[in-house]
Structure formats: structure tokens, C-alpha cells
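Trainee: model28.pdb is reproduced in full below (PDB, C-alpha atoms and all ligand atoms).
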ATOM      1  CA  MET Y  16       0.000   0.000   0.000  1.00  0.00           C
ATOM      2  CA  SER Y  17       1.340   3.468  -0.903  1.00  0.00           C
ATOM      3  CA  ALA Y  18       1.763   6.119   1.826  1.00  0.00           C
ATOM      4  CA  GLU Y  19      -1.113   8.047   0.210  1.00  0.00           C
ATOM      5  CA  ASP Y  20      -3.402   4.992   0.314  1.00  0.00           C
ATOM      6  CA  ALA Y  21      -2.429   4.318   3.942  1.00  0.00           C
ATOM      7  CA  VAL Y  22      -3.355   7.894   4.940  1.00  0.00           C
ATOM      8  CA  SER Y  23      -6.642   7.616   3.058  1.00  0.00           C
ATOM      9  CA  GLU Y  24      -7.406   4.276   4.759  1.00  0.00           C
ATOM     10  CA  TYR Y  25      -6.560   5.776   8.174  1.00  0.00           C
ATOM     11  CA  ALA Y  26      -8.863   8.738   7.468  1.00  0.00           C
ATOM     12  CA  ILE Y  27     -11.711   6.390   6.479  1.00  0.00           C
ATOM     13  CA  GLN Y  28     -11.244   4.373   9.689  1.00  0.00           C
ATOM     14  CA  HIS Y  29     -11.637   7.578  11.707  1.00  0.00           C
ATOM     15  CA  THR Y  30     -14.676   8.867   9.804  1.00  0.00           C
ATOM     16  CA  SER Y  31     -18.332   7.882  10.328  1.00  0.00           C
ATOM     17  CA  PRO Y  32     -19.110   4.831   8.202  1.00  0.00           C
ATOM     18  CA  GLU Y  33     -20.636   5.097   4.753  1.00  0.00           C
ATOM     19  CA  ASP Y  34     -24.388   4.506   5.009  1.00  0.00           C
ATOM     20  CA  ASP Y  35     -25.858   1.354   3.513  1.00  0.00           C
ATOM     21  CA  VAL Y  36     -27.441   2.993   0.431  1.00  0.00           C
ATOM     22  CA  LEU Y  37     -24.236   4.843  -0.486  1.00  0.00           C
ATOM     23  CA  HIS Y  38     -22.198   1.676   0.046  1.00  0.00           C
ATOM     24  CA  ARG Y  39     -24.492  -0.279  -2.290  1.00  0.00           C
ATOM     25  CA  LEU Y  40     -24.296   2.517  -4.864  1.00  0.00           C
ATOM     26  CA  TYR Y  41     -20.499   2.525  -4.621  1.00  0.00           C
ATOM     27  CA  ARG Y  42     -20.418  -1.238  -5.186  1.00  0.00           C
ATOM     28  CA  GLU Y  43     -22.896  -1.175  -8.055  1.00  0.00           C
ATOM     29  CA  THR Y  44     -21.041   1.695  -9.743  1.00  0.00           C
ATOM     30  CA  ASN Y  45     -17.803  -0.278  -9.511  1.00  0.00           C
ATOM     31  CA  LEU Y  46     -19.415  -3.394 -10.951  1.00  0.00           C
ATOM     32  CA  THR Y  47     -21.409  -1.799 -13.757  1.00  0.00           C
ATOM     33  CA  THR Y  48     -19.698   1.344 -15.066  1.00  0.00           C
ATOM     34  CA  VAL Y  49     -16.609   1.875 -17.193  1.00  0.00           C
ATOM     35  CA  TYR Y  50     -15.101   4.702 -15.116  1.00  0.00           C
ATOM     36  CA  PRO Y  51     -16.170   4.054 -11.501  1.00  0.00           C
ATOM     37  CA  ARG Y  52     -13.388   6.325 -10.264  1.00  0.00           C
ATOM     38  CA  MET Y  53     -15.558   9.284 -11.292  1.00  0.00           C
ATOM     39  CA  LEU Y  54     -17.725   8.665  -8.210  1.00  0.00           C
ATOM     40  CA  SER Y  55     -16.885  10.907  -5.242  1.00  0.00           C
ATOM     41  CA  GLY Y  56     -16.485   8.047  -2.749  1.00  0.00           C
ATOM     42  CA  HIS Y  57     -16.729   7.872   1.016  1.00  0.00           C
ATOM     43  CA  LEU Y  58     -14.332  10.598   2.210  1.00  0.00           C
ATOM     44  CA  GLN Y  59     -15.248  13.191  -0.376  1.00  0.00           C
ATOM     45  CA  GLY Y  60     -18.911  12.280  -0.019  1.00  0.00           C
ATOM     46  CA  LYS Y  61     -18.714  12.931   3.726  1.00  0.00           C
ATOM     47  CA  LEU Y  62     -16.948  16.242   3.076  1.00  0.00           C
ATOM     48  CA  LEU Y  63     -19.722  17.299   0.664  1.00  0.00           C
ATOM     49  CA  GLU Y  64     -22.337  16.193   3.190  1.00  0.00           C
ATOM     50  CA  PHE Y  65     -20.643  18.186   5.984  1.00  0.00           C
ATOM     51  CA  ILE Y  66     -20.275  21.314   3.836  1.00  0.00           C
ATOM     52  CA  SER Y  67     -23.933  21.074   2.898  1.00  0.00           C
ATOM     53  CA  ARG Y  68     -25.002  20.486   6.520  1.00  0.00           C
ATOM     54  CA  MET Y  69     -23.002  23.549   7.593  1.00  0.00           C
ATOM     55  CA  ILE Y  70     -24.551  25.774   4.913  1.00  0.00           C
ATOM     56  CA  LYS Y  71     -28.103  24.331   5.251  1.00  0.00           C
ATOM     57  CA  PRO Y  72     -29.008  25.291   1.665  1.00  0.00           C
ATOM     58  CA  SER Y  73     -32.560  25.336   0.376  1.00  0.00           C
ATOM     59  CA  ARG Y  74     -31.404  25.129  -3.256  1.00  0.00           C
ATOM     60  CA  ILE Y  75     -28.441  23.089  -4.538  1.00  0.00           C
ATOM     61  CA  LEU Y  76     -27.277  22.721  -8.147  1.00  0.00           C
ATOM     62  CA  GLU Y  77     -24.959  19.912  -9.254  1.00  0.00           C
ATOM     63  CA  ILE Y  78     -23.268  19.634 -12.669  1.00  0.00           C
ATOM     64  CA  GLY Y  79     -22.355  15.964 -13.281  1.00  0.00           C
ATOM     65  CA  THR Y  80     -24.697  13.436 -11.645  1.00  0.00           C
ATOM     66  CA  PHE Y  81     -22.991  10.201 -12.823  1.00  0.00           C
ATOM     67  CA  THR Y  82     -24.662   7.488 -10.663  1.00  0.00           C
ATOM     68  CA  GLY Y  83     -25.899   9.956  -8.052  1.00  0.00           C
ATOM     69  CA  TYR Y  84     -23.459   9.452  -5.174  1.00  0.00           C
ATOM     70  CA  SER Y  85     -22.493  13.100  -4.622  1.00  0.00           C
ATOM     71  CA  ALA Y  86     -26.091  14.273  -5.154  1.00  0.00           C
ATOM     72  CA  ILE Y  87     -27.271  12.072  -2.267  1.00  0.00           C
ATOM     73  CA  CYS Y  88     -24.419  13.322  -0.041  1.00  0.00           C
ATOM     74  CA  LEU Y  89     -25.134  16.983  -0.808  1.00  0.00           C
ATOM     75  CA  ALA Y  90     -28.905  16.560  -0.404  1.00  0.00           C
ATOM     76  CA  LYS Y  91     -28.366  15.407   3.198  1.00  0.00           C
ATOM     77  CA  GLY Y  92     -27.722  19.032   4.178  1.00  0.00           C
ATOM     78  CA  LEU Y  93     -30.836  20.503   2.540  1.00  0.00           C
ATOM     79  CA  THR Y  94     -33.403  22.332   4.634  1.00  0.00           C
ATOM     80  CA  PRO Y  95     -36.613  20.250   5.104  1.00  0.00           C
ATOM     81  CA  GLU Y  96     -38.299  21.944   2.130  1.00  0.00           C
ATOM     82  CA  GLY Y  97     -35.090  22.199   0.113  1.00  0.00           C
ATOM     83  CA  VAL Y  98     -34.384  20.684  -3.318  1.00  0.00           C
ATOM     84  CA  LEU Y  99     -31.336  19.719  -5.353  1.00  0.00           C
ATOM     85  CA  HIS Y 100     -31.158  19.958  -9.147  1.00  0.00           C
ATOM     86  CA  THR Y 101     -28.583  17.679 -10.764  1.00  0.00           C
ATOM     87  CA  ILE Y 102     -27.638  17.643 -14.458  1.00  0.00           C
ATOM     88  CA  ASP Y 103     -25.941  14.997 -16.589  1.00  0.00           C
ATOM     89  CA  ILE Y 104     -25.485  14.821 -20.343  1.00  0.00           C
ATOM     90  CA  ASN Y 105     -25.370  11.009 -20.306  1.00  0.00           C
ATOM     91  CA  ASP Y 106     -28.816   9.479 -19.831  1.00  0.00           C
ATOM     92  CA  GLU Y 107     -27.483   5.887 -19.680  1.00  0.00           C
ATOM     93  CA  LEU Y 108     -26.993   6.123 -15.916  1.00  0.00           C
ATOM     94  CA  SER Y 109     -30.107   8.097 -15.035  1.00  0.00           C
ATOM     95  CA  ASP Y 110     -32.106   4.950 -14.126  1.00  0.00           C
ATOM     96  CA  THR Y 111     -29.413   3.959 -11.629  1.00  0.00           C
ATOM     97  CA  ALA Y 112     -29.265   7.445 -10.136  1.00  0.00           C
ATOM     98  CA  LEU Y 113     -33.057   7.715  -9.851  1.00  0.00           C
ATOM     99  CA  ARG Y 114     -33.292   4.251  -8.261  1.00  0.00           C
ATOM    100  CA  TYR Y 115     -30.754   5.253  -5.603  1.00  0.00           C
ATOM    101  CA  PHE Y 116     -32.416   8.634  -4.977  1.00  0.00           C
ATOM    102  CA  THR Y 117     -35.544   6.619  -4.128  1.00  0.00           C
ATOM    103  CA  LEU Y 118     -33.637   4.110  -1.965  1.00  0.00           C
ATOM    104  CA  ALA Y 119     -32.175   7.084  -0.089  1.00  0.00           C
ATOM    105  CA  GLY Y 120     -35.709   8.481   0.411  1.00  0.00           C
ATOM    106  CA  MET Y 121     -34.808  11.560  -1.619  1.00  0.00           C
ATOM    107  CA  GLU Y 122     -36.931  11.089  -4.728  1.00  0.00           C
ATOM    108  CA  SER Y 123     -38.972  14.201  -3.937  1.00  0.00           C
ATOM    109  CA  LYS Y 124     -35.918  16.324  -3.084  1.00  0.00           C
ATOM    110  CA  ILE Y 125     -33.658  15.578  -6.047  1.00  0.00           C
ATOM    111  CA  PHE Y 126     -34.605  16.644  -9.592  1.00  0.00           C
ATOM    112  CA  MET Y 127     -32.567  15.110 -12.362  1.00  0.00           C
ATOM    113  CA  HIS Y 128     -32.080  16.865 -15.708  1.00  0.00           C
ATOM    114  CA  CYS Y 129     -30.671  15.037 -18.729  1.00  0.00           C
ATOM    115  CA  GLY Y 130     -28.797  17.333 -21.091  1.00  0.00           C
ATOM    116  CA  ASP Y 131     -25.811  19.586 -21.531  1.00  0.00           C
ATOM    117  CA  ALA Y 132     -25.437  21.622 -18.338  1.00  0.00           C
ATOM    118  CA  ARG Y 133     -24.439  24.637 -20.434  1.00  0.00           C
ATOM    119  CA  GLN Y 134     -27.953  24.672 -21.870  1.00  0.00           C
ATOM    120  CA  VAL Y 135     -29.936  23.284 -18.929  1.00  0.00           C
ATOM    121  CA  ILE Y 136     -28.623  25.846 -16.408  1.00  0.00           C
ATOM    122  CA  GLN Y 137     -29.895  28.705 -18.534  1.00  0.00           C
ATOM    123  CA  GLY Y 138     -33.419  27.254 -18.376  1.00  0.00           C
ATOM    124  CA  LEU Y 139     -33.463  27.044 -14.568  1.00  0.00           C
ATOM    125  CA  SER Y 140     -35.466  29.842 -13.001  1.00  0.00           C
ATOM    126  CA  GLU Y 141     -34.153  29.344  -9.446  1.00  0.00           C
ATOM    127  CA  MET Y 142     -31.172  30.821  -7.632  1.00  0.00           C
ATOM    128  CA  PHE Y 143     -28.925  28.520  -5.582  1.00  0.00           C
ATOM    129  CA  ASP Y 144     -27.186  28.578  -2.189  1.00  0.00           C
ATOM    130  CA  LEU Y 145     -24.695  25.839  -3.092  1.00  0.00           C
ATOM    131  CA  ILE Y 146     -23.388  24.686  -6.486  1.00  0.00           C
ATOM    132  CA  PHE Y 147     -21.134  21.680  -7.151  1.00  0.00           C
ATOM    133  CA  ILE Y 148     -19.234  21.588 -10.473  1.00  0.00           C
ATOM    134  CA  ASP Y 149     -18.148  18.041 -11.388  1.00  0.00           C
ATOM    135  CA  GLY Y 150     -18.797  17.719 -15.142  1.00  0.00           C
ATOM    136  CA  ASP Y 151     -16.475  17.665 -18.153  1.00  0.00           C
ATOM    137  CA  LYS Y 152     -13.129  19.140 -17.138  1.00  0.00           C
ATOM    138  CA  GLU Y 153     -12.660  20.940 -20.471  1.00  0.00           C
ATOM    139  CA  GLN Y 154     -15.911  22.828 -19.866  1.00  0.00           C
ATOM    140  CA  TYR Y 155     -15.261  24.130 -16.327  1.00  0.00           C
ATOM    141  CA  THR Y 156     -14.778  27.754 -17.466  1.00  0.00           C
ATOM    142  CA  ASP Y 157     -18.116  27.615 -19.345  1.00  0.00           C
ATOM    143  CA  TYR Y 158     -19.921  26.170 -16.318  1.00  0.00           C
ATOM    144  CA  TYR Y 159     -18.332  28.765 -14.058  1.00  0.00           C
ATOM    145  CA  GLU Y 160     -19.893  31.922 -15.499  1.00  0.00           C
ATOM    146  CA  LEU Y 161     -23.283  30.229 -15.961  1.00  0.00           C
ATOM    147  CA  ALA Y 162     -23.219  28.822 -12.421  1.00  0.00           C
ATOM    148  CA  LEU Y 163     -22.032  32.056 -10.822  1.00  0.00           C
ATOM    149  CA  ALA Y 164     -24.975  33.894 -12.402  1.00  0.00           C
ATOM    150  CA  LYS Y 165     -27.312  31.428 -10.633  1.00  0.00           C
ATOM    151  CA  LEU Y 166     -25.579  31.618  -7.238  1.00  0.00           C
ATOM    152  CA  ASN Y 167     -26.984  33.849  -4.506  1.00  0.00           C
ATOM    153  CA  ILE Y 168     -24.616  36.445  -3.068  1.00  0.00           C
ATOM    154  CA  GLY Y 169     -23.088  34.739  -0.023  1.00  0.00           C
ATOM    155  CA  GLY Y 170     -23.675  31.339  -1.651  1.00  0.00           C
ATOM    156  CA  PHE Y 171     -20.935  28.734  -2.094  1.00  0.00           C
ATOM    157  CA  LEU Y 172     -19.567  27.036  -5.200  1.00  0.00           C
ATOM    158  CA  LEU Y 173     -17.472  23.844  -5.068  1.00  0.00           C
ATOM    159  CA  ALA Y 174     -15.430  22.544  -8.008  1.00  0.00           C
ATOM    160  CA  ASP Y 175     -13.967  19.034  -8.007  1.00  0.00           C
ATOM    161  CA  ASN Y 176     -10.740  17.660  -9.528  1.00  0.00           C
ATOM    162  CA  VAL Y 177      -8.944  21.015  -9.613  1.00  0.00           C
ATOM    163  CA  LEU Y 178      -5.582  19.265  -9.151  1.00  0.00           C
ATOM    164  CA  TRP Y 179      -6.289  16.813 -11.988  1.00  0.00           C
ATOM    165  CA  GLY Y 180      -3.831  14.283 -10.618  1.00  0.00           C
ATOM    166  CA  GLY Y 181      -1.239  17.048 -10.093  1.00  0.00           C
ATOM    167  CA  LYS Y 182      -1.026  17.687 -13.841  1.00  0.00           C
ATOM    168  CA  VAL Y 183      -2.107  21.318 -13.411  1.00  0.00           C
ATOM    169  CA  THR Y 184       1.293  22.031 -11.879  1.00  0.00           C
ATOM    170  CA  ALA Y 185       3.211  20.438 -14.772  1.00  0.00           C
ATOM    171  CA  GLU Y 186       5.171  22.686 -17.138  1.00  0.00           C
ATOM    172  CA  ILE Y 187       3.649  21.278 -20.321  1.00  0.00           C
ATOM    173  CA  VAL Y 188       0.041  20.116 -20.192  1.00  0.00           C
ATOM    174  CA  ARG Y 189      -1.030  21.010 -23.725  1.00  0.00           C
ATOM    175  CA  THR Y 190      -1.460  17.378 -24.726  1.00  0.00           C
ATOM    176  CA  ASP Y 191      -3.953  16.867 -21.908  1.00  0.00           C
ATOM    177  CA  LYS Y 192      -7.119  18.802 -22.748  1.00  0.00           C
ATOM    178  CA  GLU Y 193      -8.679  18.133 -19.347  1.00  0.00           C
ATOM    179  CA  ALA Y 194      -5.602  19.462 -17.545  1.00  0.00           C
ATOM    180  CA  GLU Y 195      -5.660  22.539 -19.783  1.00  0.00           C
ATOM    181  CA  GLY Y 196      -9.349  23.053 -19.011  1.00  0.00           C
ATOM    182  CA  ILE Y 197      -8.833  22.747 -15.279  1.00  0.00           C
ATOM    183  CA  ARG Y 198      -5.796  25.009 -15.344  1.00  0.00           C
ATOM    184  CA  ALA Y 199      -7.716  27.693 -17.259  1.00  0.00           C
ATOM    185  CA  PHE Y 200     -10.530  27.404 -14.717  1.00  0.00           C
ATOM    186  CA  ASN Y 201      -8.161  27.684 -11.749  1.00  0.00           C
ATOM    187  CA  GLU Y 202      -6.518  30.773 -13.246  1.00  0.00           C
ATOM    188  CA  LEU Y 203      -9.903  32.356 -13.960  1.00  0.00           C
ATOM    189  CA  VAL Y 204     -11.034  31.787 -10.375  1.00  0.00           C
ATOM    190  CA  ALA Y 205      -7.749  32.940  -8.854  1.00  0.00           C
ATOM    191  CA  ARG Y 206      -8.117  36.295 -10.694  1.00  0.00           C
ATOM    192  CA  ASP Y 207     -11.829  36.707  -9.978  1.00  0.00           C
ATOM    193  CA  THR Y 208     -12.462  39.370  -7.321  1.00  0.00           C
ATOM    194  CA  ARG Y 209     -16.183  38.499  -7.154  1.00  0.00           C
ATOM    195  CA  VAL Y 210     -15.388  35.408  -5.065  1.00  0.00           C
ATOM    196  CA  GLU Y 211     -13.529  34.527  -1.871  1.00  0.00           C
ATOM    197  CA  LYS Y 212     -11.660  31.298  -2.522  1.00  0.00           C
ATOM    198  CA  LEU Y 213      -9.918  28.324  -0.889  1.00  0.00           C
ATOM    199  CA  PHE Y 214      -7.982  25.824  -3.005  1.00  0.00           C
ATOM    200  CA  LEU Y 215      -8.139  22.677  -0.907  1.00  0.00           C
ATOM    201  CA  PRO Y 216      -5.541  20.020  -1.884  1.00  0.00           C
ATOM    202  CA  PHE Y 217      -7.871  17.250  -0.685  1.00  0.00           C
ATOM    203  CA  ARG Y 218      -8.122  14.069  -2.805  1.00  0.00           C
ATOM    204  CA  ASP Y 219      -7.972  15.385  -6.416  1.00  0.00           C
ATOM    205  CA  GLY Y 220      -8.385  18.995  -5.296  1.00  0.00           C
ATOM    206  CA  LEU Y 221     -11.562  20.827  -4.297  1.00  0.00           C
ATOM    207  CA  TYR Y 222     -11.987  24.560  -4.957  1.00  0.00           C
ATOM    208  CA  ILE Y 223     -14.332  26.209  -2.437  1.00  0.00           C
ATOM    209  CA  LEU Y 224     -15.653  29.646  -3.402  1.00  0.00           C
ATOM    210  CA  GLN Y 225     -18.043  32.111  -1.865  1.00  0.00           C
ATOM    211  CA  LYS Y 226     -19.749  34.714  -4.038  1.00  0.00           C
ATOM    212  CA  LEU Y 227     -19.168  38.188  -2.649  1.00  0.00           C
ATOM    213  CA  THR Y 228     -20.773  40.435  -5.253  1.00  0.00           C
ATOM    214  CA  GLY Y 229     -23.033  40.186  -8.307  1.00  0.00           C
TER     215      GLY Y 229
HETATM  216  C1  LIG T 301     -16.983  12.950 -12.508  1.00  0.00           C
HETATM  217  S1  LIG T 301     -18.547  12.450 -13.095  1.00  0.00           S
HETATM  218  C2  LIG T 301     -19.619  13.047 -11.817  1.00  0.00           C
HETATM  219  C3  LIG T 301     -19.449  12.272 -10.531  1.00  0.00           C
HETATM  220  C4  LIG T 301     -20.508  12.570  -9.482  1.00  0.00           C
HETATM  221  N1  LIG T 301     -20.618  13.992  -9.222  1.00  0.00           N
HETATM  222  C5  LIG T 301     -20.136  11.851  -8.207  1.00  0.00           C
HETATM  223  O1  LIG T 301     -19.339  12.385  -7.427  1.00  0.00           O
HETATM  224  O2  LIG T 301     -20.608  10.734  -7.986  1.00  0.00           O
HETATM  225  C6  LIG T 301     -18.800  13.583 -14.403  1.00  0.00           C
HETATM  226  C7  LIG T 301     -20.172  13.507 -15.064  1.00  0.00           C
HETATM  227  O3  LIG T 301     -20.338  14.703 -15.851  1.00  0.00           O
HETATM  228  C8  LIG T 301     -21.140  14.384 -16.965  1.00  0.00           C
HETATM  229  N2  LIG T 301     -20.993  15.438 -17.976  1.00  0.00           N
HETATM  230  C9  LIG T 301     -19.976  15.608 -18.862  1.00  0.00           C
HETATM  231  N3  LIG T 301     -20.219  16.699 -19.625  1.00  0.00           N
HETATM  232  C10 LIG T 301     -21.399  17.223 -19.211  1.00  0.00           C
HETATM  233  C11 LIG T 301     -22.191  18.339 -19.607  1.00  0.00           C
HETATM  234  N4  LIG T 301     -21.791  19.161 -20.593  1.00  0.00           N
HETATM  235  N5  LIG T 301     -23.351  18.565 -18.968  1.00  0.00           N
HETATM  236  C12 LIG T 301     -23.774  17.758 -17.969  1.00  0.00           C
HETATM  237  N6  LIG T 301     -23.069  16.675 -17.546  1.00  0.00           N
HETATM  238  C13 LIG T 301     -21.899  16.420 -18.156  1.00  0.00           C
HETATM  239  C14 LIG T 301     -20.649  13.005 -17.387  1.00  0.00           C
HETATM  240  O4  LIG T 301     -21.616  12.331 -18.170  1.00  0.00           O
HETATM  241  C15 LIG T 301     -20.349  12.334 -16.024  1.00  0.00           C
HETATM  242  O5  LIG T 301     -21.416  11.517 -15.614  1.00  0.00           O
END
How does this structure look as C-alpha cells?
Mentor:
Amino acid sequence: MSAEDAVSEYAIQHTSPEDDVLHRLYRETNLTTVYPRMLSGHLQGKLLEFISRMIKPSRILEIGTFTGYSAICLAKGLTPEGVLHTIDINDELSDTALRYFTLAGMESKIFMHCGDARQVIQGLSEMFDLIFIDGDKEQYTDYYELALAKLNIGGFLLADNVLWGGKVTAEIVRTDKEAEGIRAFNELVARDTRVEKLFLPFRDGLYILQKLTG
């Protein structure tokens, strides 16, 4: 086991256990999908759940549902009347996600949209307290402006994979379009005075932003 894996294992042992529904979803995702590593997993899921519980949002927006793991984690922090909108361009996994939203008792709190987030977001009439960006890494800068326009002042935006396996720090990343996309996003955010920001080097990197002005 690598030192990184040992630290991760230690952290999991000292964190509340994954609930049964999330554990089943993790297993099913690993058995039935081509890229199961896309799923947030136990530690990141707990972090998302905690952030959401601390904010107590009434409206959450997620870009990139996949099999629904992070949506369930984030929805745990919603106010009793709160709702989460999640968007994915790939409808092949929507049955799985919807089945697990029901198993988690969240079928009336989570609304799933199938389509390109860049179009779907513009059709949403609501404003959000918390937004999680976890879609196509080349499109992060596109999502950013659209998402920021839908975020309440004082609201929080999270963006996953902002380290992209450490490739963002490499001298030459031009052959890796995802790394280029993430790096452009990180630079855009770092320059943006409309948001307070924390670049958290947790797992594959999580950017945490708070919108200060319109
Ligand atoms: C990393 S996975 C999301 C993982 C999920 N948030 C989780 O933690 O379990 C990225 C997802 O983004 C979706 N995606 C890619 N481009 C998209 C787009 N333009 N609009 C909406 N979803 C998109 C993919 O189909 C994929 O399911």
C-alpha cells in the first residue's frame, strides 16, 4: 500500500461509516460502469455532506450526476423543504441514479435533468445557495460563469478535480485537454475578485468559493 493509500485508509477508519445505500451505490457503480473512479467516494462524499449540513441550503445545483453518489451526499444538508437539481449529459446512468435517490428516500428532493449543463442551467429559473461543479473538465470555465450567475450572493460554489492528478502544476500540459481546461478554470477563479476562494488540496483537489458580489 502506498503512503497516500495508507493515509486515506486511516482517514476512512476515523470517519463515520458510509451509510448502507451509499455503500451499495459505490459497489454497483464499480461493478457496472466503465469509469467508476468518477464517483466521489466515502471521504469526499462525507466532506460534501458536511459542507452542505453547515450551509443548510434550500437550493443546490450539481453539474455531473454520474450514478448519483455526490447528489445524495449533498442533499443530506438541505433544509426540510429544500431541493437539489442535478444535471448529466449522459442518460445511460439516469435509471441507476433515480433508483438510488428513491432508496435514499430523496426522490422528492432531487430533480434530475438530462442534457448539456451549459444549456440546462440557462433554463433554470431558481437561484442557488450551493453549487457543485463536477462535469467535463474541459468545460469548467463555461460552467463557471453560468453557475455564478445562478448563485446567490453569499452562496458557495465547489469545483472538483482542480488538481487533476497534479497535472495542473506540470510545465507542459497542452497534450492533456482536461488538464488545460482545469488550469484555465483555476486561473480564472484565482483572478476573480467576485469570489472569496480556498484551493483545498484534498483528494484530487476541491476549490471552495463564496460569491461576494453580483
Ligand atoms: C466525474 S462524473 C460526476 C461524478 C458525481 N458527481 C459523483 O461524485 O458521484 C462527471 C459527469 O459529468 C457528466 N458530464 C460531462 N459533460 C457534461 C455536460 N456538458 N453537462 C452535464 N453533464 C456532463 C458526465 O456524463 C459524467 O457523468
Trainee: Tell me, in Å to one decimal, how far atom CA of Y:Leu89 is from atom CA of Y:Ile146.
Mentor: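 Separating atom CA of Y:Leu89 from atom CA of Y:Ile146 is a distance of 9.7 Å.
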Trainee: Draw an axis-aligned box over all listed atoms of stretch 136-140 of chain Y, pad each side with 8 Å, and write its centre and edge lengths in Å, one decimal, as lines of an AutoDock Vina configuration file.
Mentor:
center_x = -32.0
center_y = 27.8
center_z = -15.8
size_x = 22.8
size_y = 20.0
size_z = 21.5
Trainee: Could you list, as a PyMOL selection string, all residues that come within 10 Å of ligand LIG 301 (chain T)? Count all atoms listed in the file.
Mentor: chain Y and resi 40-41+44+50-57+59-60+63+77-89+101-109+112+128-136+147-155+157-158+175-176
Trainee: Could you state the separation of atom CA of Y:Lys91 and atom CA of Y:Glu64 in Å, given to one decimal place?
Mentor: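 Atom CA of Y:Lys91 sits 6.1 Å away from atom CA of Y:Glu64.
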Trainee: Taking the file as shown, what set of residues would the PyMOL selection byres (((chain Y and resi 193) around 12) and not hetatm) give back, as a PyMOL selection string?
Mentor: chain Y and resi 150-156+176-183+188-192+194-200
Trainee: If the PyMOL selection byres (((chain Y and resi 75) around 6) and not hetatm) is run on the structure shown, which residues does it catch, given as a PyMOL selection string?
Mentor: chain Y and resi 74+76+99+143+145-146
Trainee: For C-alpha atoms, I'd like the residues from the last selection saved as a PDB file, in the frame of the given file.
Mentor:
ATOM      1  CA  ARG Y  74     -31.404  25.129  -3.256  1.00  0.00           C
ATOM      2  CA  LEU Y  76     -27.277  22.721  -8.147  1.00  0.00           C
ATOM      3  CA  LEU Y  99     -31.336  19.719  -5.353  1.00  0.00           C
ATOM      4  CA  PHE Y 143     -28.925  28.520  -5.582  1.00  0.00           C
ATOM      5  CA  LEU Y 145     -24.695  25.839  -3.092  1.00  0.00           C
ATOM      6  CA  ILE Y 146     -23.388  24.686  -6.486  1.00  0.00           C
TER       7      ILE Y 146
END
